[in-house]
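Colleague: Quick one: the structure is below, and I'll ask about it shortly.
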Number of protein chains: 4
Amino acid sequence: MKTMKAWVLGSPGELTLVDKPVPKPGQAEVLVRIDATAICATDLEVIDHGPPAVIGGEPPFNKNFTPGHEYMGTIVEVGPTVDEFVVGERVAVEIHAGCGRCERCRQGMYTSCLNYGLNYGEFSKGHRANGFTTDGGFAQYAVNHVNTLVRVPAHVSDEVATLIVTAGTAMYGLDVLGGLVAGESLVVTGAGPIGLSAVAVGKALGADPVILTDIVDRRLDVGLRVGADVVINASKEPVVEAVLKLTKGGGVHLVFECSGAPNAVNDAIHMLKRGGRVCLGAFSNEPSLVDIGHVVTNNIYLYGIRGEGQSAVRRAASLIAQRKLDPSPLHTHTFAFNELPTAIRYFQEKVDGAIKVVIKPQEFRD
Amino acid sequence: MKTMKAWVLGSPGELTLVDKPVPKPGQAEVLVRIDATAICATDLEVIDHGPPAVIGGEPPFNKNFTPGHEYMGTIVEVGPTVDEFVVGERVAVEIHAGCGRCERCRQGMYTSCLNYGLNYGEFSKGHRANGFTTDGGFAQYAVNHVNTLVRVPAHVSDEVATLIVTAGTAMYGLDVLGGLVAGESLVVTGAGPIGLSAVAVGKALGADPVILTDIVDRRLDVGLRVGADVVINASKEPVVEAVLKLTKGGGVHLVFECSGAPNAVNDAIHMLKRGGRVCLGAFSNEPSLVDIGHVVTNNIYLYGIRGEGQSAVRRAASLIAQRKLDPSPLHTHTFAFNELPTAIRYFQEKVDGAIKVVIKPQEFRD
Amino acid sequence: MKTMKAWVLGSPGELTLVDKPVPKPGQAEVLVRIDATAICATDLEVIDHGPPAVIGGEPPFNKNFTPGHEYMGTIVEVGPTVDEFVVGERVAVEIHAGCGRCERCRQGMYTSCLNYGLNYGEFSKGHRANGFTTDGGFAQYAVNHVNTLVRVPAHVSDEVATLIVTAGTAMYGLDVLGGLVAGESLVVTGAGPIGLSAVAVGKALGADPVILTDIVDRRLDVGLRVGADVVINASKEPVVEAVLKLTKGGGVHLVFECSGAPNAVNDAIHMLKRGGRVCLGAFSNEPSLVDIGHVVTNNIYLYGIRGEGQSAVRRAASLIAQRKLDPSPLHTHTFAFNELPTAIRYFQEKVDGAIKVVIKPQEFRD
Amino acid sequence: MKTMKAWVLGSPGELTLVDKPVPKPGQAEVLVRIDATAICATDLEVIDHGPPAVIGGEPPFNKNFTPGHEYMGTIVEVGPTVDEFVVGERVAVEIHAGCGRCERCRQGMYTSCLNYGLNYGEFSKGHRANGFTTDGGFAQYAVNHVNTLVRVPAHVSDEVATLIVTAGTAMYGLDVLGGLVAGESLVVTGAGPIGLSAVAVGKALGADPVILTDIVDRRLDVGLRVGADVVINASKEPVVEAVLKLTKGGGVHLVFECSGAPNAVNDAIHMLKRGGRVCLGAFSNEPSLVDIGHVVTNNIYLYGIRGEGQSAVRRAASLIAQRKLDPSPLHTHTFAFNELPTAIRYFQEKVDGAIKVVIKPQEFRD
């Protein structure tokens with residue numbers, strides 16, 4: 001049996017580099033040699049507290065679990081019956097492979113799989129969320145269900161390809177908001193990777209204007225580079241008033257909340273015109289005060305989204321392939337595989353303007 | 001010019017019975033002789049504070065304004081070009097006639113009309129919400145746009161016909177929740193008129209089970225009469241736990257929040273299975289704490305609804321005509337027109353188990 | 001290894017009763033002891049010509065294939081990881097278990113599975129359509145994926161339980177037509193089992209009126225028993241004119257075409273008001289002439305449906321459990337298992353007013 | 001009273017240049033000084049046979065009716081209560097202003113207005129479709145409802161601005177097909193103005209690939225200029241086979257039929273993968289043979305579209321303003337106002353490769 005290098009989770013907050021068996025792809029699965037893995041804020045959550053939505057079993061501490069979910073690589077082996085992909089193809093990943101047998105999966109809502117996380121125990125029903133409930137991308141190899149793979153366009157670097165799943169999440173949020181985005185006004189709150197991706201995807205689909213809010217000018221500048229029409233520094237001016245002023249008092253059609261700030265949802269609903277919609281893609285650890293009366297009397301809809309459903313990653317990948325969407329300004333740093341702790345520090349502390357920090361699992365540095 | 005008796009709003013909280021000119025129907029309008037008017041909780045809001053969503057002009061205090069929006073009657077005159085209705089037809093009403101020329105009206109979202117309330121001033125664009133922004137049903141006559149009328153089935157009494165609009169609101173909430181309600185599990189929180197109507201409509205459409213929560217046993221009993229499968233007294237047991245226990249830990253598909261309790265929205269989201277949906281049909285005066293993280297990680301959608309869009313009142317009226325829906329248990333008391341203050345007291349203080357209290361504008365008592 | 005009695009397909013048109021191994025349930029599957037199986041018009045197609053939509057491999061003649069897809073029974077064994085059902089439960093079936101890995105399955109469109117029929121060969125990707133592409137219900141036992149099972153209410157007989165899948169197809173058609181059926185006018189063309197089920201489900205959901213057309217009075221009478229408001233004998237009066245007259249020239253909202261008559265689609269579009277919708281649930285063997293100009297200038301939508309998607313069978317079963325839907329008038333005859341040829345003759349030739357003819361696979365007659 | 005020059009319809013096929021009163025804008029209307037009007041194939045239909053969908057009254061022959069519906073201009077007067085636009089703004093038009101009081105208008109389906117065409121008579125309910133049922137754009141001035149106006153971006157010429165409504169029709173077709181077009185494969189059949197616009201809008205929204213079919217190479221070349229990835233000359237190779245070959249046998253997600261060829265619908269359904277969708281935007285004068293069995297067994301949906309609903313023209317205008325969409329290659333010829341007969345001949349006979357031919361109502365030539 002071949003072995004590989006992999007980072008595994010010890011006690012909360014602890015990551016260790018170990019040797020682990022290379023996994024074997026089953027029915028409808030392939031083995032991916034991982035070429036690049038990006039760090040996401042939820043990775044830090046998983047490392048410190050376990051996955052946010054384990055509903056069965058215990059969190060994966062001290063169980064040899066490998067986190068990391070934003071990765072790409074090259075197919076090196078296909079499991080039985082697989083003809084959807086062939087060895088040698090470059091692929092990026094979606095996170096969620098639903099169980100395929102619960103009510104939600106049967107509806108196509110695989111990111112709401114009712115067997116999410118139930119695969120820690122002995123009677124797995126097949127749900128996978130690599131890096132959350134099954135081994136992820138801080139390793140040299142991973143097994144992926146064919147449903148979770150998209151082809152990487154040749155002109156896209158390994159590093160940028162790790163951002164396809166992030167773009168897919170942004171695409172999914174816009175899908176959920178109704179999809180007919182062209183000509184609609186959109187506020188994105190929070191200029192982290194998902195927020196910046198939402199700006200880029202929203203602009204690619206014709207939202208107009210796209211307004212981005214954050215409290216860090218450097219991030220707002222990246223927002224302008226990926227297509228924001230207007231940026232608002234929320235530490236310098238009140239964002240609700242600023243949005244209303246920009247829209248001559250009318251408010252916008254859509255808000256995509258990506259900041260997780262405690263007041264973000266309440267701000268979002270007050271930026272909208274009647275009948276407006278909010279996509280919730282982030283959250284703080286504490287409950288938030290929300291003016292429900294404003295939601296009701298203004299026919300506002302709010303949509304929580306987990307991950308990247310409706311195969312939105314494929315649509316995002318297509319926009320990237322067509323060069324209508326370019327997430328490359330989000331990638332700021334690359335490290336070797338054994339430098340993961342440093343990479344995490346850069347990401348977490350935003351060292352040197354870090355946004356997306358990538359490690360390369362086939363590379364090691366002395 | 002003919003005159004009529006009408007209650008008008010003086011200073012906040014003050015209603016006076018006066019003589020007023022009978023209004024004249026214009027293009028696409030009819031004159032309704034009002035035969036019965038029910039009292040709604042939002043009437044009390046309007047009387048005490050003005051309409052909840054005036055966005056232009058001032059509240060209608062001391063302006064001869066007549067509130068009241070849940071009424072029915074008989075058409076006595078039709079305006080120019082009207083052939084949709086004829087004199088003599090019994091009709092119940094919807095509240096909202098959109099302006100027909102804003103973005104939302106053009107989308108069919110007339111309850112989100114962007115010119116809502118702008119008709120107090122001199123340049124009305126045609127929006128009407130009788131009892132909110134234009135004269136309402138605490139009078140002997142009212143003008144209604146043809147869009148806001150539905151025929152009353154012959155077997156339905158005047159008093160019960162005032163509840164058609166309430167049933168329409170419940171229907172609209174279930175529409176917004178996706179419409180495919182048969183076989184879905186539904187919790188209705190709050191056994192007021194809209195909550196009880198939601199139970200009745202949900203059951204008529206095949207929701208199963210329908211669980212109703214409230215803190216008043218007498219109201220829960222009415223809930224059982226209109227079709228609830230299970231009732232939970234929230235003052236006696238914790239509702240979230242009770243719902244989860246009833247669903248063997250799985251949670252329900254849908255919650256229709258009609259209580260306006262401060263914790264109601266947060267409770268609602270915790271009663272749901274992943275991918276579940278909440279309709280918000282009520283609200284408290286203060287912002288509510290909502291666990292946004294739970295909304296996001298469970299792909300929960302929340303829909304604020306104002307009133308009774310998508311012509312849902314017509315669909316509700318059809319169910320009543322077909323005897324598949326019977327809101328009559330909600331009607332508890334009837335008073336003569338000049339007894340409105342007493343009627344309001346019965347409604348407000350729930351005297352003698354009052355739920356829906358009706359006045360009859362053509363009747364007077366010495 | 002246990003054996004069972006099963007009818008198998010020889011050359012086209014030929015059915016033989018043989019002994020066959022009892023199949024073994026795999027992951028996510030159960031073994032069903034079949035208690036009743038109804039005969040459907042598509043069974044006759046399969047027996048004579050092979051399944052209508054095989055896209056890979058050859059038709060199943062002379063391959064020991066067992067047709068029959070409308071069955072119910074009792075679970076006698078569960079496969080690995082199955083906890084959704086337990087041994088002893090009475091279940092009815094849906095036909096389609098998608099592969100779970102093609103684009104359509106991932107969207108929740110499992111009846112449009114792109115691997116439909118590809119499981120005849122050696123590299124099955126898991127799609128099953130019992131009675132079409134995998135062994136079906138003219139046998140004593142069958143294997144079913146857990147996705148294809150619904151529980152049978154205790155008050156429903158075995159014979160009537162075979163009609164749940166038919167009711168599910170009708171429900172699915174109404175889902176596809178938009179779902180908000182209450183108060184909408186509906187024409188069902190064709191009073192076969194699906195048409196009659198469409199009448200019953202449409203009425204249960206509040207369609208009004210429900211108009212049924214056919215050329216056989218006896219069937220139209222059954223239509224009245226299951227809830228049709230009006231019936232039209234198309235051999236006695238022109239149906240389009242009759243529908244327009246009933247609707248005072250306006251036309252209806254919805255048509256569910258279940259006749260497969262050559263002119264049925266063209267008639268359907270001319271029965272509609274502008275913006276109306278047609279569900280296509282049947283078809284003739286020849287292309288039909290359709291007035292596309294009428295479709296375009298009247299904003300008409302047409303929806304072909306294969307089978308019973310969106311878990312509509314579960315919703316239909318719920319309505320039956322709640323006694324809001326009763327398909328029992330459709331069941332007319334029962335035969336023992338070895339009398340299948342006679343049962344087919346009764347069904348095909350409509351002997352003695354036969355509509356749904358059922359065989360009981362555990363029963364044999366000397 | 002001021003007069004203007006206008007072309008009016010005499011007997012079928014006859015257009016005469018006359019003096020006519022300048023119309024007066026009413027409530028919610030403006031007066032547009034027309035600066036450019038394009039000729040559309042349906043104009044020829046109207047001139048020769050009357051509007052295709054008059055449902056009340058008679059066709060407008062010999063009634064001083066002015067056809068022409070693809071125009072743009074400058075607002076010179078606003079009616080009472082209008083503050084949505086001001087004098088001096090450049091605007092392009094949508095065709096349909098629904099009555100605002102029928103069932104379909106209330107649903108937002110104003111292009112399916114049930115009072116379409118009923119405004120020829122004396123009791124107009126307010127529906128307008130300029131150039132079809134109310135005076136149109138082959139004149140120096142026209143009255144437009146504010147709902148039917150979109151602002152023209154400064155960088156867009158008058159001639160190109162007449163194409164905004166065409167782009168809106170294409171946008172509407174893609175909306176109706178589901179809206180989530182990015183990454184979906186799209187065939188457009190027919191390279192007339194709507195087909196070419198569908199290519200351009202589909203590409204702007206990220207459809208991939210976009211395949212265009214026609215029988216004229218010169219038009220296919222324009223298709224390549226507006227974004228088609230592949231073009232197929234249907235006179236040189238069989239289109240269904242060509243599309244299936246391009247998609248490796250799988251078929252495409254979407255077809256937008258814009259040719260009106262007799263076999264176009266049947267071809268369209270055979271180009272699709274299961275669960276695919278067709279938008280019908282054109283039609284021939286005779287009924288077409290359609291393989292309904294293929295539609296049913298493959299879960300295909302077909303959507304007839306009349307015109308440009310859901311305010312799609314505004315979304316198209318926004319894409320043009322953002323320079324994501326450029327319909328200018330469709331404009332080929334411009335004539336003075338009094339040269340309309342010549343302009344029509346160029347359009348009809350495709351003289352000199354004519355696609356969109358424009359007249360300028362303020363210009364006259366000796």
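Ligands are numbered from 1 in the order shown, residues from 1 within each chain, and chains are lettered A, B, ... in the order they appear in the structure tokens.
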Using only C-alpha atoms, which residues sit within 10 Å of Phe337 (chain C) once same-chain residues fewer than 6 positions away are excluded, as a PyMOL selection string?
Modeller: chain C and resi 5-7+17+35-37+138-140+343+358-365
Colleague: What residues in chain D have any atom no more than 8 Å from chain B when counting only C-alpha atoms, and can you write them as a PyMOL selection string?
Modeller: chain D and resi 28+81+100-102+105-110+123-125+146-147+310-311
Colleague: Can you list every residue in region 49-254 of chain A that DSSP puts in alpha helix (DSSP H), as number ranges by chain?
Modeller: A: 49, 103-106, 158-161, 164-176, 193-204, 217-225, 239-246
Colleague: Those same residues - C-alpha atoms - I'd like them written as a PDB file, in the first residue's frame.
Modeller:
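again-v3.pdb written:
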```pdb
ATOM      1  CA  HIS A  49     -13.577  23.629  16.837  1.00  0.00           C
ATOM      2  CA  GLU A 103     -35.129  13.620   0.854  1.00  0.00           C
ATOM      3  CA  ARG A 104     -32.948  16.662   0.165  1.00  0.00           C
ATOM      4  CA  CYS A 105     -30.488  14.886  -2.120  1.00  0.00           C
ATOM      5  CA  ARG A 106     -33.414  13.495  -4.094  1.00  0.00           C
ATOM      6  CA  ASP A 158      -3.020  25.633 -10.164  1.00  0.00           C
ATOM      7  CA  GLU A 159      -3.211  28.391  -7.579  1.00  0.00           C
ATOM      8  CA  VAL A 160      -6.080  30.184  -9.261  1.00  0.00           C
ATOM      9  CA  ALA A 161      -7.877  26.884  -9.850  1.00  0.00           C
ATOM     10  CA  ILE A 164     -13.009  27.926  -8.565  1.00  0.00           C
ATOM     11  CA  VAL A 165     -14.948  26.477  -5.666  1.00  0.00           C
ATOM     12  CA  THR A 166     -15.081  29.924  -4.056  1.00  0.00           C
ATOM     13  CA  ALA A 167     -16.380  31.400  -7.280  1.00  0.00           C
ATOM     14  CA  GLY A 168     -18.917  28.586  -7.325  1.00  0.00           C
ATOM     15  CA  THR A 169     -20.165  29.571  -3.894  1.00  0.00           C
ATOM     16  CA  ALA A 170     -20.610  33.128  -5.108  1.00  0.00           C
ATOM     17  CA  MET A 171     -22.404  31.857  -8.207  1.00  0.00           C
ATOM     18  CA  TYR A 172     -24.669  29.730  -6.055  1.00  0.00           C
ATOM     19  CA  GLY A 173     -25.577  32.717  -3.909  1.00  0.00           C
ATOM     20  CA  LEU A 174     -26.570  34.658  -7.001  1.00  0.00           C
ATOM     21  CA  ASP A 175     -28.531  31.665  -8.289  1.00  0.00           C
ATOM     22  CA  VAL A 176     -30.447  31.521  -5.043  1.00  0.00           C
ATOM     23  CA  PRO A 193     -12.638  35.736  -0.677  1.00  0.00           C
ATOM     24  CA  ILE A 194     -16.338  34.946  -1.051  1.00  0.00           C
ATOM     25  CA  GLY A 195     -17.349  38.582  -1.098  1.00  0.00           C
ATOM     26  CA  LEU A 196     -14.724  39.424  -3.694  1.00  0.00           C
ATOM     27  CA  SER A 197     -15.840  36.417  -5.722  1.00  0.00           C
ATOM     28  CA  ALA A 198     -19.436  37.608  -5.445  1.00  0.00           C
ATOM     29  CA  VAL A 199     -18.358  40.976  -6.843  1.00  0.00           C
ATOM     30  CA  ALA A 200     -16.588  39.291  -9.746  1.00  0.00           C
ATOM     31  CA  VAL A 201     -19.391  36.860 -10.554  1.00  0.00           C
ATOM     32  CA  GLY A 202     -22.081  39.498 -10.090  1.00  0.00           C
ATOM     33  CA  LYS A 203     -20.274  41.776 -12.497  1.00  0.00           C
ATOM     34  CA  ALA A 204     -19.684  38.967 -14.980  1.00  0.00           C
ATOM     35  CA  ASP A 217      -9.139  49.806   2.043  1.00  0.00           C
ATOM     36  CA  ARG A 218      -6.635  47.328   0.642  1.00  0.00           C
ATOM     37  CA  ARG A 219      -9.381  44.755   0.226  1.00  0.00           C
ATOM     38  CA  LEU A 220     -11.727  47.322  -1.285  1.00  0.00           C
ATOM     39  CA  ASP A 221      -9.005  48.046  -3.818  1.00  0.00           C
ATOM     40  CA  VAL A 222      -8.983  44.378  -4.795  1.00  0.00           C
ATOM     41  CA  GLY A 223     -12.763  44.703  -5.089  1.00  0.00           C
ATOM     42  CA  LEU A 224     -12.313  47.448  -7.649  1.00  0.00           C
ATOM     43  CA  ARG A 225      -9.885  45.240  -9.564  1.00  0.00           C
ATOM     44  CA  VAL A 239     -23.036  51.860   4.980  1.00  0.00           C
ATOM     45  CA  VAL A 240     -26.828  51.864   4.975  1.00  0.00           C
ATOM     46  CA  GLU A 241     -26.965  55.604   4.474  1.00  0.00           C
ATOM     47  CA  ALA A 242     -24.245  55.417   1.853  1.00  0.00           C
ATOM     48  CA  VAL A 243     -26.117  52.787  -0.149  1.00  0.00           C
ATOM     49  CA  LEU A 244     -29.394  54.676   0.087  1.00  0.00           C
ATOM     50  CA  LYS A 245     -27.663  57.829  -1.060  1.00  0.00           C
ATOM     51  CA  LEU A 246     -26.071  56.050  -4.015  1.00  0.00           C
TER      52      LEU A 246
END
```
Colleague: List the neighbours of Ser185 (chain B) out to 6 Å using only C-alpha atoms; skip same-chain residues closer than 6 positions along the sequence, and give me the result as a count of residues only.
Modeller: 5
Colleague: Env of region 318-323 of chain C: 7 Å cut, atoms = only C-alpha atoms, seq-sep filter 4 positions within chain, self excluded. Answer as a list of chain:residue names.
Modeller: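 Listing them by chain and then by number gives B:Ala182, B:Gly183, B:Gly206, C:Pro153, C:Arg314.
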Colleague: So that I have them on file, write out the residues from the current selection with C-alpha atoms, as a PDB file, in the first residue's frame.
Modeller:
```pdb
ATOM      1  CA  ALA B 182     -49.210  18.263   0.337  1.00  0.00           C
ATOM      2  CA  GLY B 183     -47.391  15.806   2.557  1.00  0.00           C
ATOM      3  CA  GLY B 206     -52.692  18.497   2.412  1.00  0.00           C
TER       4      GLY B 206
ATOM      5  CA  PRO C 153     -51.503   3.772   4.867  1.00  0.00           C
ATOM      6  CA  ARG C 314     -44.824  10.734  -1.465  1.00  0.00           C
TER       7      ARG C 314
END
```
Colleague: Can you measure CA of Leu31 (chain D) to CA of Val78 (chain D) for me? One decimal in Å is fine.
Modeller: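 Taking CA of Leu31 (chain D) as the start and CA of Val78 (chain D) as the end point, the length is 6.2 Å.
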Colleague: For Ile269 (chain B), list every protein, DNA or RNA residue within 12 Å, evaluated using only C-alpha atoms, and leave out those in the same chain fewer than 6 positions away; present the list as number ranges by chain.
Modeller: A: 304; B: 187, 189, 239-240, 243-244, 251-257, 263, 275-280, 289-302
Colleague: Going by DSSP on the backbone, which residues of region 52-145 of chain B come out as strand (DSSP E or B)? List them as a VMD selection string.
Modeller: chain B and resid 70 to 78 90 to 93 96 to 97 128 to 130 134 139 141 to 145
Colleague: Find the distance between CA of Glu184 (chain B) and CA of His127 (chain C) and write it in Å to one decimal.
Modeller: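 Between CA of Glu184 (chain B) and CA of His127 (chain C) the gap works out to 26.7 Å.
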Colleague: Please provide as a PyMOL selection string all residues within 8 Å of Phe132 (chain A), with the sequence filter that same-chain residues fewer than 6 positions apart are discarded (counting only C-alpha atoms).
Modeller: chain A and resi 46+51+67-69
Colleague: Provide the CA of Gly250 (chain C) to CA of Lys63 (chain D) distance in Å, to one decimal place.
Modeller: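 If I compute the distance from CA of Gly250 (chain C) to CA of Lys63 (chain D), I get 27.5 Å.
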